[in-house]
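What follows is a short report on a single structure.
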Amino acid sequence: MAIAGETFFLDEFAVRQWDDPNYSGTRISFSKTDFVEKIHEFHSKGAKLVDGYAPFCKHVFVPNFVGARLGALPITDDNRHLLRCGYSRRRPEELPVLTRWFPAEDVQVLEAKFLDVILYSREQLVQEYEAMPGKGDPAVLPPAPWGIISIKAQDEDHETPMQPITIMRNALGRDEGGSGVKLDKEAYEASAAYWAERAAVVAGKQPGGE
């Protein structure tokens with residue numbers, strides 16, 4: 001059973017950020033139960049649900065209370081030679097895609113100022129679970145309306161572009177691990193421009209994907 005409160009629950013997709021040593025992006029070292037409780041606390045004290053890229057997606061921006069380090073770094077002339085590339089997938093059921101990253105042991109990664117807690121509606125998660133059974137059993141999803149599906153440690157207190165491959169995967173549909181949202185060319189161009197100058201930080205040898 002997922003860890004849940006009245007408004008939010010921790011979806012299995014986000015659990016990778018605690019348990020997968022090769023996760024590509026923000027790693028969390030904090031009690032899962034306490035994390036969900038803190039997000040409820042911030043929300044009760046005024047942290048609003050901010051609209052995301054689709055009606056079923058919301059964000060909650062909170063101070064970085066877990067000490068998480070930035071999940072991505074700008075690419076500079078000084079660190080460009082440290083970039084690594086390879087094919088990775090987020091789940092066994094998904095197609096592998098070409099990614100690039102900085103090995104965490106090779107770069108200096110500072111503590112972030114904020115956490116972008118990304119939420120999907122329970123209804124959306126039920127549809128995704130039904131389309132790709134490997135994600136889990138929709139019958140065991142808690143009754144709380146919003147599932148925490150990802151956490152980004154960042155210095156911005158607003159939404160930053162998801163990676164281009166995530167936009168593409170979403171457009172492929174739920175049976176390929178995406179959300180089913182049609183590709184928006186303007187959003188894709190903005191994503192490509194943003195990520196042309198950045199790369200994820202990975203603690204292991206090969207990223208597990210975002």
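Following the order of the structure tokens, first chain is A, next is B, and so on, with residues numbered from 1 inside each chain and ligands from 1 in the order they appear.
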Extract the full set of strand (DSSP E or B) residues from segment 11-157 of chain A according to DSSP on the backbone, and format it as a compact mmCIF listing (two decimals) with C-alpha atoms, in the first residue's frame.
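To be explicit, this is the file written out as out.txt:
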```
# COMPACT_ATOMS: atom_id res chain seq x y z
CA SER A 24 18.82 10.04 -13.20
CA VAL A 50 0.14 25.05 -9.45
CA ASP A 51 -1.10 24.01 -12.90
CA CYS A 57 -0.78 17.49 -13.57
CA LYS A 58 -0.08 19.89 -10.71
CA HIS A 59 2.98 21.13 -8.83
CA VAL A 60 3.69 22.08 -5.24
CA PHE A 61 6.82 24.19 -4.73
CA VAL A 62 8.32 23.98 -1.24
CA PRO A 63 11.66 24.82 0.40
CA ARG A 69 21.26 18.33 -4.19
CA ALA A 72 20.90 18.65 -13.07
CA LEU A 73 23.79 20.99 -13.84
CA PRO A 74 24.54 23.53 -16.56
CA ARG A 84 28.51 10.48 -20.47
CA CYS A 85 25.97 9.05 -22.95
CA GLY A 86 24.11 5.76 -23.14
CA TYR A 87 20.77 4.07 -23.62
CA SER A 88 18.55 3.72 -20.56
CA VAL A 97 16.29 5.98 -25.09
CA LEU A 98 19.59 7.79 -25.56
CA THR A 99 20.47 9.96 -22.57
CA ARG A 100 23.41 11.97 -21.31
CA TRP A 101 24.48 12.71 -17.77
CA PHE A 102 27.20 13.80 -15.39
CA PRO A 103 28.53 11.10 -13.03
CA GLU A 111 22.18 21.80 -2.35
CA PHE A 114 13.48 24.36 -3.67
CA LEU A 115 11.67 21.11 -4.35
CA ASP A 116 9.24 20.89 -7.24
CA VAL A 117 6.84 18.16 -6.15
CA ILE A 118 5.08 16.95 -9.31
CA LEU A 119 1.60 15.49 -8.93
CA TYR A 120 -0.71 13.43 -11.14
CA SER A 121 -4.39 12.98 -10.38
CA TRP A 146 -3.10 13.50 -5.95
CA GLY A 147 -0.15 11.15 -6.39
CA ILE A 148 3.43 12.38 -6.00
CA ILE A 149 5.10 11.06 -9.16
CA SER A 150 8.39 12.98 -9.16
CA ILE A 151 10.46 15.42 -7.10
CA LYS A 152 12.92 17.84 -8.65
CA ALA A 153 15.52 19.65 -6.52
CA GLN A 154 16.11 23.00 -8.20
```
**OP:** Identify all residues of segment 110-155 of chain A in alpha helix (DSSP H) (DSSP on the backbone) and supply them as a PyMOL selection string.
**Re:** chain A and resi 122-131
Original post:
With distances taken over only C-alpha atoms, which of A:Leu95, A:Ala112, A:Leu141, A:Ala54 is nearest to Lys182 of chain A?
Top reply: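 Checking each of A:Leu95, A:Ala112, A:Leu141, A:Ala54 against Lys182 of chain A, counting only C-alpha atoms, the winner is A:Ala54.
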**OP:** Can you work out which one of A:Ile39, A:Asp155, A:Pro161, A:Gly136 has the shortest atom-to-atom distance to Tyr194 of chain A, counting only C-alpha atoms?
**Re:** A:Pro161
Original post:
Nearest to Lys135 of chain A: which of A:Asp19, A:Glu159, A:Asp34, A:Glu12 is it, counting only C-alpha atoms?
Top reply: A:Glu12
Subject >> Residue with smallest distance to Arg89 of chain A - pool A:Ile165, A:Val126, A:Val36, A:Val66, counting only C-alpha atoms >> reply: A:Ile165
**OP:** Tell me, as a list in words, which residues lie within 12 Å of Glu189 of chain A, counting only C-alpha atoms; anything in the same chain fewer than 4 positions away does not count.
**Re:**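 Final neighbour list, sorted by chain and number: Pro161, Met162, Gln163, Pro164, Ile165, Ile167, Met168, Leu183, Asp184, Lys185, Ala193, Tyr194, Trp195 and Ala196 of chain A.
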Could the residues in this selection be written to a file with N, CA and C atoms, as a PDB file, in the first residue's frame?
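The resulting file, selection.pdb, is shown below:
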```
ATOM      1  N   PRO A 161      11.318  23.156 -17.779  1.00  0.00           N
ATOM      2  CA  PRO A 161      10.915  22.205 -18.829  1.00  0.00           C
ATOM      3  C   PRO A 161      11.324  20.772 -18.534  1.00  0.00           C
ATOM      4  N   MET A 162      10.393  19.860 -18.767  1.00  0.00           N
ATOM      5  CA  MET A 162      10.740  18.442 -18.707  1.00  0.00           C
ATOM      6  C   MET A 162      11.655  18.124 -19.880  1.00  0.00           C
ATOM      7  N   GLN A 163      12.372  17.003 -19.803  1.00  0.00           N
ATOM      8  CA  GLN A 163      13.293  16.658 -20.878  1.00  0.00           C
ATOM      9  C   GLN A 163      12.536  16.347 -22.163  1.00  0.00           C
ATOM     10  N   PRO A 164      13.138  16.648 -23.317  1.00  0.00           N
ATOM     11  CA  PRO A 164      12.455  16.385 -24.594  1.00  0.00           C
ATOM     12  C   PRO A 164      11.978  14.948 -24.738  1.00  0.00           C
ATOM     13  N   ILE A 165      12.782  13.995 -24.287  1.00  0.00           N
ATOM     14  CA  ILE A 165      12.375  12.601 -24.440  1.00  0.00           C
ATOM     15  C   ILE A 165      11.141  12.291 -23.603  1.00  0.00           C
ATOM     16  N   ILE A 167       8.659  14.430 -23.106  1.00  0.00           N
ATOM     17  CA  ILE A 167       7.552  14.947 -23.918  1.00  0.00           C
ATOM     18  C   ILE A 167       7.204  13.946 -25.014  1.00  0.00           C
ATOM     19  N   MET A 168       8.241  13.406 -25.668  1.00  0.00           N
ATOM     20  CA  MET A 168       8.009  12.428 -26.725  1.00  0.00           C
ATOM     21  C   MET A 168       7.347  11.161 -26.175  1.00  0.00           C
ATOM     22  N   LEU A 183       2.000  15.842 -28.357  1.00  0.00           N
ATOM     23  CA  LEU A 183       3.203  16.672 -28.365  1.00  0.00           C
ATOM     24  C   LEU A 183       2.867  18.108 -28.749  1.00  0.00           C
ATOM     25  N   ASP A 184       3.302  19.029 -27.915  1.00  0.00           N
ATOM     26  CA  ASP A 184       3.157  20.463 -28.175  1.00  0.00           C
ATOM     27  C   ASP A 184       4.493  20.972 -28.710  1.00  0.00           C
ATOM     28  N   LYS A 185       4.514  21.397 -29.975  1.00  0.00           N
ATOM     29  CA  LYS A 185       5.778  21.765 -30.613  1.00  0.00           C
ATOM     30  C   LYS A 185       6.473  22.914 -29.896  1.00  0.00           C
ATOM     31  N   ALA A 193      15.758  23.665 -26.008  1.00  0.00           N
ATOM     32  CA  ALA A 193      16.660  24.790 -25.743  1.00  0.00           C
ATOM     33  C   ALA A 193      17.178  24.759 -24.311  1.00  0.00           C
ATOM     34  N   TYR A 194      16.305  24.421 -23.370  1.00  0.00           N
ATOM     35  CA  TYR A 194      16.687  24.366 -21.959  1.00  0.00           C
ATOM     36  C   TYR A 194      17.688  23.243 -21.707  1.00  0.00           C
ATOM     37  N   TRP A 195      17.387  22.031 -22.219  1.00  0.00           N
ATOM     38  CA  TRP A 195      18.231  20.876 -21.933  1.00  0.00           C
ATOM     39  C   TRP A 195      19.458  20.782 -22.833  1.00  0.00           C
ATOM     40  N   ALA A 196      19.538  21.600 -23.858  1.00  0.00           N
ATOM     41  CA  ALA A 196      20.776  21.671 -24.646  1.00  0.00           C
ATOM     42  C   ALA A 196      21.919  22.210 -23.800  1.00  0.00           C
TER      43      ALA A 196
END
```
Original post:
If you count only C-alpha atoms, which residues fall within 12 Å of Ser31 of chain A, apart from same-chain ones fewer than 6 positions away, as an MDAnalysis selection string?
Top reply: chainID A and resid 3 10 15 17:19 37:38 65:66
Original post:
Could you name the residues that touch Gly25 of chain A at 7 Å or less, counting only C-alpha atoms, but leaving out those on the same chain fewer than 6 positions away, as a ChimeraX atom specification?
Top reply: /A:71-72,200-202,210
Please, could you write that set of residues out with C-alpha atoms as a PDB file, in the first residue's frame?
```
ATOM      1  CA  GLY A  71      19.388  16.957 -10.018  1.00  0.00           C
ATOM      2  CA  ALA A  72      20.900  18.654 -13.070  1.00  0.00           C
ATOM      3  CA  ALA A 200      21.201  15.262 -15.216  1.00  0.00           C
ATOM      4  CA  VAL A 201      23.503  14.129 -12.406  1.00  0.00           C
ATOM      5  CA  VAL A 202      23.625  10.366 -11.820  1.00  0.00           C
ATOM      6  CA  GLU A 210      13.377  10.351 -15.373  1.00  0.00           C
TER       7      GLU A 210
END
```
**OP:** Find, counting only C-alpha atoms, the residue in A:Arg90, A:Ser179, A:Glu156, A:Lys113 that gets nearest to Tyr23 of chain A.
**Re:** A:Arg90
